[in-house]
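*Asks:* Data file final-v6.pdb (PDB, C-alpha atoms, pLDDT in the B column) is appended below.
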```pdb
ATOM      1  CA  MET A   1      79.683 139.684 112.272  1.00 74.00           C
ATOM      2  CA  GLU A   2      77.354 137.044 110.859  1.00 93.00           C
ATOM      3  CA  LEU A   3      78.985 134.043 109.148  1.00 93.00           C
ATOM      4  CA  VAL A   4      77.413 134.773 105.745  1.00 92.00           C
ATOM      5  CA  GLN A   5      78.829 138.316 105.794  1.00 95.00           C
ATOM      6  CA  LEU A   6      82.197 137.032 106.968  1.00 95.00           C
ATOM      7  CA  ILE A   7      82.347 134.527 104.106  1.00 95.00           C
ATOM      8  CA  GLU A   8      81.418 137.207 101.578  1.00 95.00           C
ATOM      9  CA  LYS A   9      84.159 139.517 102.836  1.00 96.00           C
ATOM     10  CA  CYS A  10      86.663 136.632 102.747  1.00 95.00           C
ATOM     11  CA  LYS A  11      85.646 136.007  99.121  1.00 96.00           C
ATOM     12  CA  LYS A  12      86.778 139.577  98.449  1.00 95.00           C
ATOM     13  CA  SER A  13      90.151 138.819 100.144  1.00 95.00           C
ATOM     14  CA  ASP A  14      89.432 141.121 103.084  1.00 96.00           C
ATOM     15  CA  ARG A  15      92.391 140.442 105.440  1.00 96.00           C
ATOM     16  CA  GLN A  16      90.548 141.419 108.613  1.00 97.00           C
ATOM     17  CA  SER A  17      87.701 139.026 107.807  1.00 96.00           C
ATOM     18  CA  GLN A  18      90.185 136.274 106.985  1.00 97.00           C
ATOM     19  CA  GLN A  19      91.807 136.816 110.392  1.00 97.00           C
ATOM     20  CA  ILE A  20      88.407 136.614 112.117  1.00 97.00           C
ATOM     21  CA  LEU A  21      87.588 133.414 110.232  1.00 97.00           C
ATOM     22  CA  TYR A  22      90.984 131.933 111.130  1.00 97.00           C
ATOM     23  CA  ASN A  23      90.610 132.847 114.824  1.00 97.00           C
ATOM     24  CA  THR A  24      87.082 131.434 114.898  1.00 96.00           C
ATOM     25  CA  TYR A  25      87.917 128.012 113.437  1.00 97.00           C
ATOM     26  CA  LYS A  26      91.633 127.425 114.072  1.00 97.00           C
ATOM     27  CA  ASP A  27      91.153 125.411 117.279  1.00 96.00           C
ATOM     28  CA  LYS A  28      88.519 123.075 115.821  1.00 96.00           C
ATOM     29  CA  LEU A  29      90.519 122.498 112.665  1.00 97.00           C
ATOM     30  CA  PHE A  30      93.747 122.039 114.635  1.00 96.00           C
ATOM     31  CA  ALA A  31      92.095 119.297 116.707  1.00 93.00           C
ATOM     32  CA  LEU A  32      91.122 117.648 113.419  1.00 93.00           C
ATOM     33  CA  CYS A  33      94.700 117.990 112.141  1.00 93.00           C
ATOM     34  CA  LEU A  34      96.016 116.286 115.275  1.00 91.00           C
ATOM     35  CA  LYS A  35      93.877 113.245 114.441  1.00 90.00           C
ATOM     36  CA  TYR A  36      95.376 112.884 110.987  1.00 90.00           C
ATOM     37  CA  CYS A  37      98.979 113.970 111.583  1.00 89.00           C
ATOM     38  CA  LYS A  38     101.751 112.132 113.373  1.00 84.00           C
ATOM     39  CA  ASN A  39     102.813 115.009 115.614  1.00 89.00           C
ATOM     40  CA  ARG A  40     102.016 118.557 116.646  1.00 91.00           C
ATOM     41  CA  ALA A  41     104.447 120.194 114.203  1.00 93.00           C
ATOM     42  CA  GLU A  42     102.960 118.331 111.270  1.00 91.00           C
ATOM     43  CA  ALA A  43      99.459 119.231 112.471  1.00 94.00           C
ATOM     44  CA  GLU A  44     100.467 122.904 112.560  1.00 95.00           C
ATOM     45  CA  ASP A  45     101.793 122.644 108.992  1.00 95.00           C
ATOM     46  CA  ASN A  46      98.593 120.953 107.884  1.00 95.00           C
ATOM     47  CA  LEU A  47      96.484 123.657 109.531  1.00 97.00           C
ATOM     48  CA  GLN A  48      98.466 126.356 107.730  1.00 96.00           C
ATOM     49  CA  ASP A  49      98.147 124.544 104.381  1.00 96.00           C
ATOM     50  CA  SER A  50      94.441 124.048 105.003  1.00 97.00           C
ATOM     51  CA  PHE A  51      93.748 127.717 105.639  1.00 97.00           C
ATOM     52  CA  ILE A  52      95.710 128.688 102.544  1.00 96.00           C
ATOM     53  CA  LYS A  53      93.528 126.290 100.536  1.00 97.00           C
ATOM     54  CA  ILE A  54      90.357 127.520 102.273  1.00 97.00           C
ATOM     55  CA  PHE A  55      91.123 131.154 101.396  1.00 97.00           C
ATOM     56  CA  GLN A  56      92.079 130.202  97.826  1.00 96.00           C
ATOM     57  CA  SER A  57      88.888 128.161  97.368  1.00 96.00           C
ATOM     58  CA  ILE A  58      86.365 130.159  99.389  1.00 96.00           C
ATOM     59  CA  LYS A  59      84.949 131.688  96.206  1.00 95.00           C
ATOM     60  CA  THR A  60      83.746 128.197  95.225  1.00 95.00           C
ATOM     61  CA  TYR A  61      81.731 127.780  98.446  1.00 95.00           C
ATOM     62  CA  ASN A  62      78.130 128.269  97.356  1.00 89.00           C
ATOM     63  CA  GLY A  63      76.400 128.277 100.735  1.00 86.00           C
ATOM     64  CA  LYS A  64      75.003 124.775 100.379  1.00 87.00           C
ATOM     65  CA  GLY A  65      75.794 122.571 103.331  1.00 89.00           C
ATOM     66  CA  SER A  66      77.749 123.420 106.428  1.00 94.00           C
ATOM     67  CA  PHE A  67      80.611 125.879 105.964  1.00 96.00           C
ATOM     68  CA  GLU A  68      82.451 124.263 108.865  1.00 95.00           C
ATOM     69  CA  GLY A  69      81.966 120.857 107.227  1.00 94.00           C
ATOM     70  CA  TRP A  70      83.356 122.280 103.980  1.00 96.00           C
ATOM     71  CA  MET A  71      86.453 123.511 105.819  1.00 97.00           C
ATOM     72  CA  LYS A  72      86.854 120.179 107.629  1.00 95.00           C
ATOM     73  CA  ARG A  73      86.763 118.326 104.308  1.00 94.00           C
ATOM     74  CA  ILE A  74      89.535 120.574 102.959  1.00 96.00           C
ATOM     75  CA  THR A  75      91.582 120.005 106.121  1.00 96.00           C
ATOM     76  CA  ILE A  76      91.236 116.222 105.943  1.00 93.00           C
ATOM     77  CA  ASN A  77      92.028 116.224 102.226  1.00 92.00           C
ATOM     78  CA  ARG A  78      95.215 118.250 102.826  1.00 93.00           C
ATOM     79  CA  ALA A  79      96.400 115.618 105.325  1.00 90.00           C
ATOM     80  CA  ILE A  80      95.482 112.784 102.955  1.00 88.00           C
ATOM     81  CA  ASP A  81      97.261 114.468 100.031  1.00 87.00           C
ATOM     82  CA  ARG A  82     100.437 114.676 102.122  1.00 82.00           C
ATOM     83  CA  TYR A  83     100.350 110.941 102.812  1.00 79.00           C
ATOM     84  CA  LYS A  84      99.587 109.965  99.255  1.00 77.00           C
ATOM     85  CA  LYS A  85     103.093 111.211  98.480  1.00 75.00           C
ATOM     86  CA  GLU A  86     104.637 108.779 100.997  1.00 66.00           C
ATOM     87  CA  PRO A  87     105.790 105.291 100.006  1.00 61.00           C
ATOM     88  CA  PHE A  88     103.038 102.710 100.032  1.00 54.00           C
ATOM     89  CA  ILE A  89     102.797 100.300 102.972  1.00 50.00           C
ATOM     90  CA  GLU A  90     102.227  96.735 101.892  1.00 49.00           C
ATOM     91  CA  PRO A  91      99.044  95.203 103.294  1.00 48.00           C
ATOM     92  CA  ILE A  92      99.326  92.415 105.812  1.00 47.00           C
ATOM     93  CA  THR A  93      98.287  88.918 104.814  1.00 45.00           C
ATOM     94  CA  ASP A  94      94.934  87.347 105.641  1.00 45.00           C
ATOM     95  CA  GLN A  95      96.554  85.061 108.204  1.00 44.00           C
ATOM     96  CA  HIS A  96      97.164  88.081 110.427  1.00 45.00           C
ATOM     97  CA  LEU A  97      93.489  89.052 110.203  1.00 46.00           C
ATOM     98  CA  LYS A  98      92.530  86.126 112.429  1.00 48.00           C
ATOM     99  CA  GLU A  99      94.138  87.757 115.484  1.00 50.00           C
ATOM    100  CA  ASP A 100      91.749  89.354 117.953  1.00 50.00           C
ATOM    101  CA  THR A 101      91.994  93.148 117.933  1.00 52.00           C
ATOM    102  CA  THR A 102      89.482  93.998 120.613  1.00 53.00           C
ATOM    103  CA  VAL A 103      90.532  95.836 123.741  1.00 48.00           C
ATOM    104  CA  ASP A 104      88.164  96.142 126.700  1.00 49.00           C
ATOM    105  CA  ILE A 105      88.592  99.870 127.135  1.00 48.00           C
ATOM    106  CA  ASP A 106      86.852  99.859 130.537  1.00 50.00           C
ATOM    107  CA  GLU A 107      89.737  97.836 131.965  1.00 54.00           C
ATOM    108  CA  VAL A 108      92.492  99.998 130.487  1.00 55.00           C
ATOM    109  CA  PRO A 109      93.323 103.400 132.011  1.00 62.00           C
ATOM    110  CA  VAL A 110      94.089 105.269 128.761  1.00 68.00           C
ATOM    111  CA  ASN A 111      92.805 108.815 128.627  1.00 76.00           C
ATOM    112  CA  LEU A 112      91.934 110.747 125.469  1.00 78.00           C
ATOM    113  CA  GLN A 113      95.326 112.510 125.251  1.00 83.00           C
ATOM    114  CA  GLN A 114      97.190 109.195 125.613  1.00 84.00           C
ATOM    115  CA  MET A 115      94.983 107.588 122.975  1.00 84.00           C
ATOM    116  CA  LEU A 116      95.554 110.474 120.561  1.00 85.00           C
ATOM    117  CA  ALA A 117      99.307 110.172 121.108  1.00 87.00           C
ATOM    118  CA  LEU A 118      99.149 106.422 120.386  1.00 89.00           C
ATOM    119  CA  ILE A 119      97.135 107.022 117.204  1.00 90.00           C
ATOM    120  CA  GLN A 120      99.662 109.661 116.082  1.00 89.00           C
ATOM    121  CA  GLU A 121     102.456 107.077 116.433  1.00 91.00           C
ATOM    122  CA  LEU A 122     100.814 104.771 113.891  1.00 92.00           C
ATOM    123  CA  PRO A 123     102.376 104.565 110.430  1.00 90.00           C
ATOM    124  CA  SER A 124     100.716 107.086 108.143  1.00 87.00           C
ATOM    125  CA  ARG A 125      98.469 104.795 106.087  1.00 86.00           C
ATOM    126  CA  TYR A 126      97.344 102.898 109.156  1.00 92.00           C
ATOM    127  CA  ARG A 127      96.557 106.153 110.974  1.00 92.00           C
ATOM    128  CA  LEU A 128      94.586 107.529 108.028  1.00 92.00           C
ATOM    129  CA  VAL A 129      92.537 104.374 107.561  1.00 94.00           C
ATOM    130  CA  PHE A 130      91.931 104.078 111.312  1.00 94.00           C
ATOM    131  CA  ASN A 131      90.752 107.698 111.578  1.00 92.00           C
ATOM    132  CA  LEU A 132      88.602 107.589 108.457  1.00 93.00           C
ATOM    133  CA  TYR A 133      86.937 104.320 109.509  1.00 95.00           C
ATOM    134  CA  GLU A 134      86.724 104.515 113.303  1.00 91.00           C
ATOM    135  CA  LEU A 135      86.495 108.257 113.948  1.00 87.00           C
ATOM    136  CA  ASP A 136      84.851 109.635 110.800  1.00 89.00           C
ATOM    137  CA  ASN A 137      82.620 106.616 109.996  1.00 92.00           C
ATOM    138  CA  HIS A 138      83.678 106.094 106.374  1.00 94.00           C
ATOM    139  CA  THR A 139      83.201 102.675 104.780  1.00 95.00           C
ATOM    140  CA  HIS A 140      86.095 100.679 103.365  1.00 95.00           C
ATOM    141  CA  VAL A 141      84.777 101.418  99.876  1.00 96.00           C
ATOM    142  CA  GLU A 142      84.886 105.167 100.581  1.00 94.00           C
ATOM    143  CA  ILE A 143      88.352 104.883 102.128  1.00 93.00           C
ATOM    144  CA  SER A 144      89.634 102.962  99.118  1.00 92.00           C
ATOM    145  CA  GLU A 145      88.410 105.771  96.845  1.00 91.00           C
ATOM    146  CA  ILE A 146      89.790 108.555  99.067  1.00 90.00           C
ATOM    147  CA  LEU A 147      93.243 106.995  99.464  1.00 89.00           C
ATOM    148  CA  GLY A 148      93.468 105.255  96.098  1.00 88.00           C
ATOM    149  CA  ILE A 149      93.893 101.787  97.624  1.00 90.00           C
ATOM    150  CA  SER A 150      91.911  98.572  97.352  1.00 92.00           C
ATOM    151  CA  VAL A 151      89.112  97.701  99.782  1.00 94.00           C
ATOM    152  CA  GLY A 152      91.206  94.748 100.974  1.00 94.00           C
ATOM    153  CA  THR A 153      94.152  97.024 101.685  1.00 93.00           C
ATOM    154  CA  SER A 154      91.878  99.358 103.628  1.00 93.00           C
ATOM    155  CA  LYS A 155      90.622  96.443 105.726  1.00 95.00           C
ATOM    156  CA  SER A 156      94.089  95.063 106.358  1.00 94.00           C
ATOM    157  CA  ASN A 157      95.506  98.501 107.224  1.00 93.00           C
ATOM    158  CA  LEU A 158      92.658  99.035 109.708  1.00 95.00           C
ATOM    159  CA  HIS A 159      93.286  95.643 111.234  1.00 95.00           C
ATOM    160  CA  ARG A 160      97.015  96.283 111.506  1.00 94.00           C
ATOM    161  CA  ALA A 161      96.357  99.699 113.091  1.00 94.00           C
ATOM    162  CA  LYS A 162      94.137  98.045 115.684  1.00 93.00           C
ATOM    163  CA  LEU A 163      96.775  95.391 116.395  1.00 93.00           C
ATOM    164  CA  ILE A 164      99.444  98.039 116.924  1.00 93.00           C
ATOM    165  CA  LEU A 165      97.141 100.092 119.156  1.00 91.00           C
ATOM    166  CA  LYS A 166      96.195  97.000 121.150  1.00 89.00           C
ATOM    167  CA  GLU A 167      99.870  96.181 121.711  1.00 89.00           C
ATOM    168  CA  LYS A 168     100.653  99.758 122.768  1.00 87.00           C
ATOM    169  CA  ILE A 169      97.616 100.019 125.050  1.00 86.00           C
ATOM    170  CA  THR A 170      98.417  96.680 126.646  1.00 83.00           C
ATOM    171  CA  ALA A 171     102.049  97.741 127.144  1.00 82.00           C
ATOM    172  CA  THR A 172     100.926 101.055 128.660  1.00 74.00           C
ATOM    173  CA  TYR A 173      98.435  99.304 130.927  1.00 68.00           C
ATOM    174  CA  THR A 174     101.027  96.735 132.050  1.00 69.00           C
ATOM    175  CA  THR A 175     103.586  99.465 132.799  1.00 62.00           C
ATOM    176  CA  THR A 176     100.980 101.471 134.711  1.00 56.00           C
ATOM    177  CA  GLN A 177     100.060  98.416 136.790  1.00 59.00           C
ATOM    178  CA  LYS A 178     103.721  97.654 137.591  1.00 55.00           C
ATOM    179  CA  ASN A 179     104.357 101.264 138.589  1.00 57.00           C
ATOM    180  CA  SER A 180     101.307 101.355 140.874  1.00 54.00           C
ATOM    181  CA  ILE A 181     102.466  98.131 142.591  1.00 54.00           C
ATOM    182  CA  VAL A 182     106.003  99.466 143.052  1.00 53.00           C
ATOM    183  CA  ASN A 183     104.849 102.925 144.150  1.00 57.00           C
ATOM    184  CA  GLY A 184     101.719 101.737 145.959  1.00 55.00           C
TER     185      GLY A 184
END
```
Could you render the structure as structure tokens?
*Replies:*
Amino acid sequence: MELVQLIEKCKKSDRQSQQILYNTYKDKLFALCLKYCKNRAEAEDNLQDSFIKIFQSIKTYNGKGSFEGWMKRITINRAIDRYKKEPFIEPITDQHLKEDTTVDIDEVPVNLQQMLALIQELPSRYRLVFNLYELDNHTHVEISEILGISVGTSKSNLHRAKLILKEKITATYTTTQKNSIVNG
């Protein structure tokens, strides 16, 4: 079935079409949920909430722009809405911003799954800012509007996220090196 027809049937609450739409996009949207959620269970909840919202709002989709992009925006917004309800994390001070947060990724044996797991361990606001800035290419101004925080808070949360990731990557790399020496 063509996507336009599928969308039209979903607008009429056709359950079979909704199931086809869900089966078609669940994996892509779940991968997106994993980026924004702290664990698999939360990502599953977010995916469920997202599809509920997609089916409730599908009548408002007017065919302009990518349908998949429209669904991704809903999915990201559901994750962001969840974290807006959490207590606010105070920004770090400017003195911490002077620390170097670069990691030479070529020297560190961290695969994609390990990196995703490390990102999921970040505190919620840090994870959201990191994902929006580094993975989805939003500016700090856009992030401040999306999350309802100041531009400075967005910058400091990104910096703190990078510091935490650098520490975790370095710790993982050091442990891996020690294990290879002991087992080597």
*Asks:* Which residues, named as in the file, does the PyMOL selection byres ((chain A and resi 54) around 10) pick out? Answer as a PyMOL selection string.
*Replies:* chain A and resi 10+18+22+48-53+55-61+70-72+74-75
*Asks:* Quick check on the file I pasted: which residues fall under the PyMOL selection byres ((chain A and resi 125) around 12)? Write them as a PyMOL selection string.
*Replies:* chain A and resi 36-38+79-91+119-124+126-132+143-144+146-149+153-161
*Asks:* Write out, as a PDB file, in the frame of the given file, the residues just selected, with C-alpha atoms.
*Replies:*
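File produced: out-v1.pdb:
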```
ATOM      1  CA  TYR A  36      95.376 112.884 110.987  1.00 90.00           C
ATOM      2  CA  CYS A  37      98.979 113.970 111.583  1.00 89.00           C
ATOM      3  CA  LYS A  38     101.751 112.132 113.373  1.00 84.00           C
ATOM      4  CA  ALA A  79      96.400 115.618 105.325  1.00 90.00           C
ATOM      5  CA  ILE A  80      95.482 112.784 102.955  1.00 88.00           C
ATOM      6  CA  ASP A  81      97.261 114.468 100.031  1.00 87.00           C
ATOM      7  CA  ARG A  82     100.437 114.676 102.122  1.00 82.00           C
ATOM      8  CA  TYR A  83     100.350 110.941 102.812  1.00 79.00           C
ATOM      9  CA  LYS A  84      99.587 109.965  99.255  1.00 77.00           C
ATOM     10  CA  LYS A  85     103.093 111.211  98.480  1.00 75.00           C
ATOM     11  CA  GLU A  86     104.637 108.779 100.997  1.00 66.00           C
ATOM     12  CA  PRO A  87     105.790 105.291 100.006  1.00 61.00           C
ATOM     13  CA  PHE A  88     103.038 102.710 100.032  1.00 54.00           C
ATOM     14  CA  ILE A  89     102.797 100.300 102.972  1.00 50.00           C
ATOM     15  CA  GLU A  90     102.227  96.735 101.892  1.00 49.00           C
ATOM     16  CA  PRO A  91      99.044  95.203 103.294  1.00 48.00           C
ATOM     17  CA  ILE A 119      97.135 107.022 117.204  1.00 90.00           C
ATOM     18  CA  GLN A 120      99.662 109.661 116.082  1.00 89.00           C
ATOM     19  CA  GLU A 121     102.456 107.077 116.433  1.00 91.00           C
ATOM     20  CA  LEU A 122     100.814 104.771 113.891  1.00 92.00           C
ATOM     21  CA  PRO A 123     102.376 104.565 110.430  1.00 90.00           C
ATOM     22  CA  SER A 124     100.716 107.086 108.143  1.00 87.00           C
ATOM     23  CA  TYR A 126      97.344 102.898 109.156  1.00 92.00           C
ATOM     24  CA  ARG A 127      96.557 106.153 110.974  1.00 92.00           C
ATOM     25  CA  LEU A 128      94.586 107.529 108.028  1.00 92.00           C
ATOM     26  CA  VAL A 129      92.537 104.374 107.561  1.00 94.00           C
ATOM     27  CA  PHE A 130      91.931 104.078 111.312  1.00 94.00           C
ATOM     28  CA  ASN A 131      90.752 107.698 111.578  1.00 92.00           C
ATOM     29  CA  LEU A 132      88.602 107.589 108.457  1.00 93.00           C
ATOM     30  CA  ILE A 143      88.352 104.883 102.128  1.00 93.00           C
ATOM     31  CA  SER A 144      89.634 102.962  99.118  1.00 92.00           C
ATOM     32  CA  ILE A 146      89.790 108.555  99.067  1.00 90.00           C
ATOM     33  CA  LEU A 147      93.243 106.995  99.464  1.00 89.00           C
ATOM     34  CA  GLY A 148      93.468 105.255  96.098  1.00 88.00           C
ATOM     35  CA  ILE A 149      93.893 101.787  97.624  1.00 90.00           C
ATOM     36  CA  THR A 153      94.152  97.024 101.685  1.00 93.00           C
ATOM     37  CA  SER A 154      91.878  99.358 103.628  1.00 93.00           C
ATOM     38  CA  LYS A 155      90.622  96.443 105.726  1.00 95.00           C
ATOM     39  CA  SER A 156      94.089  95.063 106.358  1.00 94.00           C
ATOM     40  CA  ASN A 157      95.506  98.501 107.224  1.00 93.00           C
ATOM     41  CA  LEU A 158      92.658  99.035 109.708  1.00 95.00           C
ATOM     42  CA  HIS A 159      93.286  95.643 111.234  1.00 95.00           C
ATOM     43  CA  ARG A 160      97.015  96.283 111.506  1.00 94.00           C
ATOM     44  CA  ALA A 161      96.357  99.699 113.091  1.00 94.00           C
TER      45      ALA A 161
END
```
*Asks:* Select, from A:Gln19, A:Asn77, A:Ser150, A:Asn137, the residue with the minimum atom-to-atom distance to Cys33 in chain A, counting only C-alpha atoms.
*Replies:*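 When distances to Cys33 in chain A are compared using only C-alpha atoms, the smallest one comes from A:Asn77.
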*Asks:* Using only C-alpha atoms, pick whichever of A:Val141, A:Ile164, A:Glu68, A:Asp45 has the shortest atom-to-atom distance to Leu21 in chain A.
*Replies:*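 The closest residue to Leu21 in chain A is A:Glu68.
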*Asks:* Which residue out of A:Ser13, A:Arg78, A:Leu116, A:Asp136 has the minimum interatomic distance to Ala31 in chain A when only C-alpha atoms are used?
*Replies:*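 Looking at the shortest contact to Ala31 in chain A, the residue is A:Leu116.
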*Asks:* Just to confirm, what's the straight-line distance from CA of Gly69 in chain A to CA of Glu2 in chain A in Å (one decimal)?
*Replies:* 17.2 Å
*Asks:* How many Å lie between CA of Glu42 in chain A and CA of Phe30 in chain A, rounded to one decimal?
*Replies:* 10.5 Å
*Asks:* Return as AutoDock Vina command-line options the centre and edge lengths, in Å with one decimal, of the box along x, y and z that encloses every atom of range 1-18 of chain A in the file, padded by 4 Å per side.
*Replies:*
```
--center_x 84.9 --center_y 137.7 --center_z 105.4 --size_x 23.0 --size_y 15.4 --size_z 21.8
```
*Asks:* May I ask for the distance between CA of Ile20 in chain A and CA of Asn39 in chain A, given in Å to one decimal place?
*Replies:*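 For CA of Ile20 in chain A relative to CA of Asn39 in chain A, the distance reads 26.2 Å.
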*Asks:* With distances taken over all atoms listed in the file, which residue among A:Asp14, A:Ile7, A:Ala41, A:Leu47 lies nearest Phe67 in chain A?
*Replies:*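 Comparing A:Asp14, A:Ile7, A:Ala41, A:Leu47 against Phe67 in chain A, the winner is A:Ile7.
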*Asks:* Enumerate, as a PDB file with C-alpha atoms, keeping the file's coordinate frame, the protein, DNA and RNA residues whose atoms approach (95.6, 101.7, 122.2) to within 8 Å, taking into account all atoms listed in the file and the coordinate frame of the file.
*Replies:*
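Generated file (result.pdb):
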```
ATOM      1  CA  VAL A 103      90.532  95.836 123.741  1.00 48.00           C
ATOM      2  CA  VAL A 110      94.089 105.269 128.761  1.00 68.00           C
ATOM      3  CA  MET A 115      94.983 107.588 122.975  1.00 84.00           C
ATOM      4  CA  LEU A 118      99.149 106.422 120.386  1.00 89.00           C
ATOM      5  CA  ILE A 119      97.135 107.022 117.204  1.00 90.00           C
ATOM      6  CA  LYS A 162      94.137  98.045 115.684  1.00 93.00           C
ATOM      7  CA  ILE A 164      99.444  98.039 116.924  1.00 93.00           C
ATOM      8  CA  LEU A 165      97.141 100.092 119.156  1.00 91.00           C
ATOM      9  CA  LYS A 166      96.195  97.000 121.150  1.00 89.00           C
ATOM     10  CA  GLU A 167      99.870  96.181 121.711  1.00 89.00           C
ATOM     11  CA  LYS A 168     100.653  99.758 122.768  1.00 87.00           C
ATOM     12  CA  ILE A 169      97.616 100.019 125.050  1.00 86.00           C
ATOM     13  CA  THR A 170      98.417  96.680 126.646  1.00 83.00           C
TER      14      THR A 170
END
```
*Asks:* Please rebuild range 50-67 of chain A with N, CA, C and O atoms and return the result as a PDB file, keeping the file's coordinate frame.
*Replies:*
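The resulting out23.pdb:
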```
ATOM      1  N   SER A  50      95.895 124.105 105.138  1.00 97.00           N
ATOM      2  CA  SER A  50      94.441 124.048 105.003  1.00 97.00           C
ATOM      3  C   SER A  50      93.836 125.441 104.881  1.00 97.00           C
ATOM      4  O   SER A  50      92.967 125.675 104.039  1.00 97.00           O
ATOM      5  N   PHE A  51      94.287 126.361 105.722  1.00 97.00           N
ATOM      6  CA  PHE A  51      93.748 127.717 105.639  1.00 97.00           C
ATOM      7  C   PHE A  51      94.142 128.404 104.336  1.00 97.00           C
ATOM      8  O   PHE A  51      93.355 129.163 103.769  1.00 97.00           O
ATOM      9  N   ILE A  52      95.325 128.139 103.854  1.00 96.00           N
ATOM     10  CA  ILE A  52      95.710 128.688 102.544  1.00 96.00           C
ATOM     11  C   ILE A  52      94.732 128.186 101.484  1.00 96.00           C
ATOM     12  O   ILE A  52      94.213 128.961 100.681  1.00 96.00           O
ATOM     13  N   LYS A  53      94.456 126.883 101.509  1.00 97.00           N
ATOM     14  CA  LYS A  53      93.528 126.290 100.536  1.00 97.00           C
ATOM     15  C   LYS A  53      92.106 126.832 100.734  1.00 97.00           C
ATOM     16  O   LYS A  53      91.395 127.106  99.768  1.00 97.00           O
ATOM     17  N   ILE A  54      91.695 126.981 101.986  1.00 97.00           N
ATOM     18  CA  ILE A  54      90.357 127.520 102.273  1.00 97.00           C
ATOM     19  C   ILE A  54      90.219 128.927 101.684  1.00 97.00           C
ATOM     20  O   ILE A  54      89.233 129.225 101.002  1.00 97.00           O
ATOM     21  N   PHE A  55      91.209 129.785 101.911  1.00 97.00           N
ATOM     22  CA  PHE A  55      91.123 131.154 101.396  1.00 97.00           C
ATOM     23  C   PHE A  55      91.235 131.200  99.874  1.00 97.00           C
ATOM     24  O   PHE A  55      90.609 132.041  99.236  1.00 97.00           O
ATOM     25  N   GLN A  56      91.993 130.265  99.290  1.00 96.00           N
ATOM     26  CA  GLN A  56      92.079 130.202  97.826  1.00 96.00           C
ATOM     27  C   GLN A  56      90.777 129.705  97.209  1.00 96.00           C
ATOM     28  O   GLN A  56      90.408 130.106  96.117  1.00 96.00           O
ATOM     29  N   SER A  57      90.079 128.828  97.920  1.00 96.00           N
ATOM     30  CA  SER A  57      88.888 128.161  97.368  1.00 96.00           C
ATOM     31  C   SER A  57      87.569 128.726  97.858  1.00 96.00           C
ATOM     32  O   SER A  57      86.514 128.258  97.436  1.00 96.00           O
ATOM     33  N   ILE A  58      87.599 129.682  98.758  1.00 96.00           N
ATOM     34  CA  ILE A  58      86.365 130.159  99.389  1.00 96.00           C
ATOM     35  C   ILE A  58      85.357 130.706  98.369  1.00 96.00           C
ATOM     36  O   ILE A  58      84.150 130.624  98.577  1.00 96.00           O
ATOM     37  N   LYS A  59      85.860 131.184  97.240  1.00 95.00           N
ATOM     38  CA  LYS A  59      84.949 131.688  96.206  1.00 95.00           C
ATOM     39  C   LYS A  59      84.083 130.577  95.616  1.00 95.00           C
ATOM     40  O   LYS A  59      83.025 130.848  95.065  1.00 95.00           O
ATOM     41  N   THR A  60      84.520 129.324  95.754  1.00 95.00           N
ATOM     42  CA  THR A  60      83.746 128.197  95.225  1.00 95.00           C
ATOM     43  C   THR A  60      82.676 127.720  96.208  1.00 95.00           C
ATOM     44  O   THR A  60      81.805 126.939  95.830  1.00 95.00           O
ATOM     45  N   TYR A  61      82.750 128.177  97.474  1.00 95.00           N
ATOM     46  CA  TYR A  61      81.731 127.780  98.446  1.00 95.00           C
ATOM     47  C   TYR A  61      80.432 128.491  98.096  1.00 95.00           C
ATOM     48  O   TYR A  61      80.365 129.723  98.056  1.00 95.00           O
ATOM     49  N   ASN A  62      79.382 127.698  97.848  1.00 89.00           N
ATOM     50  CA  ASN A  62      78.130 128.269  97.356  1.00 89.00           C
ATOM     51  C   ASN A  62      77.036 128.374  98.421  1.00 89.00           C
ATOM     52  O   ASN A  62      75.896 128.664  98.095  1.00 89.00           O
ATOM     53  N   GLY A  63      77.382 128.135  99.665  1.00 86.00           N
ATOM     54  CA  GLY A  63      76.400 128.277 100.735  1.00 86.00           C
ATOM     55  C   GLY A  63      75.559 127.042 100.983  1.00 86.00           C
ATOM     56  O   GLY A  63      74.735 127.022 101.887  1.00 86.00           O
ATOM     57  N   LYS A  64      75.755 126.018 100.174  1.00 87.00           N
ATOM     58  CA  LYS A  64      75.003 124.775 100.379  1.00 87.00           C
ATOM     59  C   LYS A  64      75.789 123.888 101.328  1.00 87.00           C
ATOM     60  O   LYS A  64      76.972 123.666 101.153  1.00 87.00           O
ATOM     61  N   GLY A  65      75.122 123.404 102.342  1.00 89.00           N
ATOM     62  CA  GLY A  65      75.794 122.571 103.331  1.00 89.00           C
ATOM     63  C   GLY A  65      76.519 123.421 104.363  1.00 89.00           C
ATOM     64  O   GLY A  65      76.599 124.648 104.263  1.00 89.00           O
ATOM     65  N   SER A  66      77.067 122.758 105.333  1.00 94.00           N
ATOM     66  CA  SER A  66      77.749 123.420 106.428  1.00 94.00           C
ATOM     67  C   SER A  66      79.090 123.992 105.974  1.00 94.00           C
ATOM     68  O   SER A  66      79.896 123.293 105.373  1.00 94.00           O
ATOM     69  N   PHE A  67      79.330 125.257 106.294  1.00 96.00           N
ATOM     70  CA  PHE A  67      80.611 125.879 105.964  1.00 96.00           C
ATOM     71  C   PHE A  67      81.728 125.219 106.763  1.00 96.00           C
ATOM     72  O   PHE A  67      82.812 124.957 106.243  1.00 96.00           O
TER      73      PHE A  67
END
```
